[in-house]
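As structure tokens, the structure follows; a few thoughts come after it.
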Number of protein chains: 2
Amino acid sequence: MIDKGAEIPARRRRSARTKPALTRQAIVAVALDLVDQAGVDAVTMRSVADALGTGPASIYRHVTGKDELLELVLDRVLAGVRVPTADPRDWRGSLVALAREVRQVLLAHNDIAAVAMSGPPVGDNLARIAEALLAILRTAGFPDEVCAWAVDRLSLYVTADALDTARQRVAGSGGSEAVRRRWAEVAQYYRDLPADRFPHTVALRDALFAAGPVDRFTLGLELLLDGLAAHRSG
Amino acid sequence: MIDKGAEIPARRRRSARTKPALTRQAIVAVALDLVDQAGVDAVTMRSVADALGTGPASIYRHVTGKDELLELVLDRVLAGVRVPTADPRDWRGSLVALAREVRQVLLAHNDIAAVAMSGPPVGDNLARIAEALLAILRTAGFPDEVCAWAVDRLSLYVTADALDTARQRVAGSGGSEAVRRRWAEVAQYYRDLPADRFPHTVALRDALFAAGPVDRFTLGLELLLDGLAAHRSG
DNA sequence: GCATGGTGCGAACGCCGTTCGCAAGATGGT
DNA sequence: ACCATCTTGCGAACGGCGTTCGCACCATGC
């Protein structure tokens, strides 16, 4: 948030040809690579330092700690969100487009959504996205207080879904053998529930586990927007 | 999930009067106490062992690892959820009551919701709650596939809100000095956004930070239920 | 009385985030 | 040109984490 520009290498040290120079940007880039390949938990001061050919202490010259590093990674990810131009005649379509864009960008980087759910809402790009959301809502004619909590609820929903989806994706294919077996056990547990005490769960067990092409995210989003529509000019 | 009953002390060892006997239940109880007082992150194999007057290795005789321990804690918390009797004439009221009950129970135990969002959906009590949710939805006459994803979306929303609320509560009063200053900084950042590039955010900054008596949880829930109502007998 | 198997636990391993203190290069004043 | 000062890199270490190993111990069944 500070020193947003420039970041000149400051010095061409021993082998500018072979080393990435150790700047904030380089550190964040390496951390993002680790997130993409192995998830947020794989980001370690040591793993980042290793990938840069140095030790963990060096990272602290450019970043105050791991929290700030992950916030910077999240901000870089959110920089890839392209906000649509608000169409006043179709606020609903605009909101759906923006929500899907954010979700897609988050999911393109593994479980980075976990960072968004564990810290305060920071970063220039988050502010940019929130502004776009508010622009859509306000030009659509929603009262101010409705806009205020609608942006809050929509953000929460999108972030939570992105995190949930990423975790289930790990359970399906990406994850370790142990994690996959764990989820399989849980599925089996639900399948074996006694029909007398869990009649509805048993009756719906096929529908519940049909992780098929049904886009649960959009369905839930439409629910929220249906309800929101009732608050227009209220 | 296994060995659900009994759990006899197995042996009256050296001082049954002074020591809590070291059973699964005692371990879970101690861990839950730690969650209540200092949050999920404060639950450590060592801290749990210390509270029981022993070493970390002893815990592993009764629990396979930290993951299972936290799952057991979550299950014990969810045991406190009292599911309402489904009233077919008021599915909406029943859903609101159940959702609020779950949220309230989760929030009564600090950020325990973090456990629910980081692992697979396990535990007898979770199955019990899901069954109750499905009972309400099905007796209300929703199509099966709607029930299937509605229970998914509602669970996600309740859990995510409980986690989010717990985190903001820490930012308000419960948390450490450092955490509170961090959130204050963020609030200041949003307040100082330039009005030319962030007109809507600036215009709404009072409404956005009015964490007042407005019950955002119920508002969002009503949104979902409004949308859900449109899917009846569809 | 003795083998057996479950239980408690001290010690250790290999990670983690973070801090310290020093070396070395860059910078600025004179 | 020279030295004082500042910034940057980084080896080493600290304390804490989850987990495992191996041994001592005791209740039990033969």
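Ordering of the structure tokens sets the chain letters (A, B, ...); residue numbers start at 1 within each chain; ligands are numbered from 1 in the order shown.
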Name the residues of segment 29-209 of chain A that come out as helix (DSSP H, G or I) in a backbone DSSP run; write them as a ChimeraX atom specification.
/A:29-38,40-42,45-51,56-59,66-78,88-107,113-118,124-139,144-174,177-191,199-203,205-209
Spatial neighbours of segment 10-17 of chain C, 9 Å, only C-alpha atoms (C1' of nucleotides), chain gap at least 4 places, as a count of residues only:
12
Quick one: distance from atom CA of Glu101 of chain B to atom CA of Arg82 of chain B in Å, one decimal?
7.3 Å
Find the residues around DG21 of chain C up to 12 Å (only C-alpha atoms (C1' of nucleotides) counted), leave out those fewer than 5 positions away in its own chain, and share them as a list of chain:residue names.
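In the requested format, the answer is D:DC10, D:DG11, D:DA12, D:DA13.
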Taking only C-alpha atoms (C1' of nucleotides) into account, produce a table as CSV in which each residue of chain C with an atom at most 12 Å from an atom of chain A appears once, together with its shortest atom pair and the distance in Å to one decimal, ordered by chain and rising number.
```
residue,atom,partner,partner_atom,distance
C:DC15,C1',A:Arg46,CA,10.2
C:DC16,C1',A:Thr44,CA,7.9
C:DG17,C1',A:Met45,CA,7.5
C:DT18,C1',A:Gly65,CA,8.2
C:DT19,C1',A:Ala57,CA,8.7
C:DC20,C1',A:Ala57,CA,10.2
C:DA24,C1',A:Arg13,CA,10.9
C:DG25,C1',A:Arg13,CA,8.5
C:DA26,C1',A:Arg11,CA,7.9
C:DT27,C1',A:Ala10,CA,11.6
```
Interface list for chain B, partner chain A, 8 Å threshold, only C-alpha atoms, as an NGL selection string
:B and (117-118 or 120-122 or 127-128 or 130-131 or 134-135 or 138 or 144-145 or 148-150 or 153 or 156-157 or 160-161 or 164 or 167 or 182-183 or 186 or 190 or 198-201 or 204 or 207-208 or 216 or 220 or 222-228)
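Taking only C-alpha atoms (C1' of nucleotides) into account, chain D lies nearest to A:Gly53 out of the set A:Pro88, A:Gly93, A:Gly80, A:Gly53.
The shell of residues at most 12 Å from DA3 of chain C, with only C-alpha atoms (C1' of nucleotides) counted and near chain neighbours (fewer than 4 positions) removed, consists of DT28, DG29 and DC30 of chain D.
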Coordinates-based distance that separates atom CA of Ala42 of chain B from atom CA of Val63 of chain A (Å, one decimal)
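Computing the Euclidean distance for atom CA of Val63 of chain A and atom CA of Ala42 of chain B yields 25.4 Å.
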Using only C-alpha atoms (C1' of nucleotides), which protein or nucleic acid residues come within 12 Å of DC3 of chain D? Drop anything in the same chain fewer than 3 positions from it, and give the result as a PDB file with C-alpha atoms (C1' of nucleotides), in the first residue's frame.
```pdb
ATOM      1  C1'  DT C  27      25.528   6.771  -0.676  1.00  0.00           C
ATOM      2  C1'  DG C  28      26.390  11.416   0.724  1.00  0.00           C
ATOM      3  C1'  DG C  29      29.114  15.094   2.742  1.00  0.00           C
ATOM      4  C1'  DT C  30      33.407  17.388   2.796  1.00  0.00           C
TER       5       DT C  30
END
```
Pick out the residues sitting within 6 Å of Ala31 of chain A, and hand them over as an MDAnalysis selection string; count only C-alpha atoms (C1' of nucleotides), and ignore anything fewer than 3 positions along from it in its own chain.
chainID A and resid 28 34 48
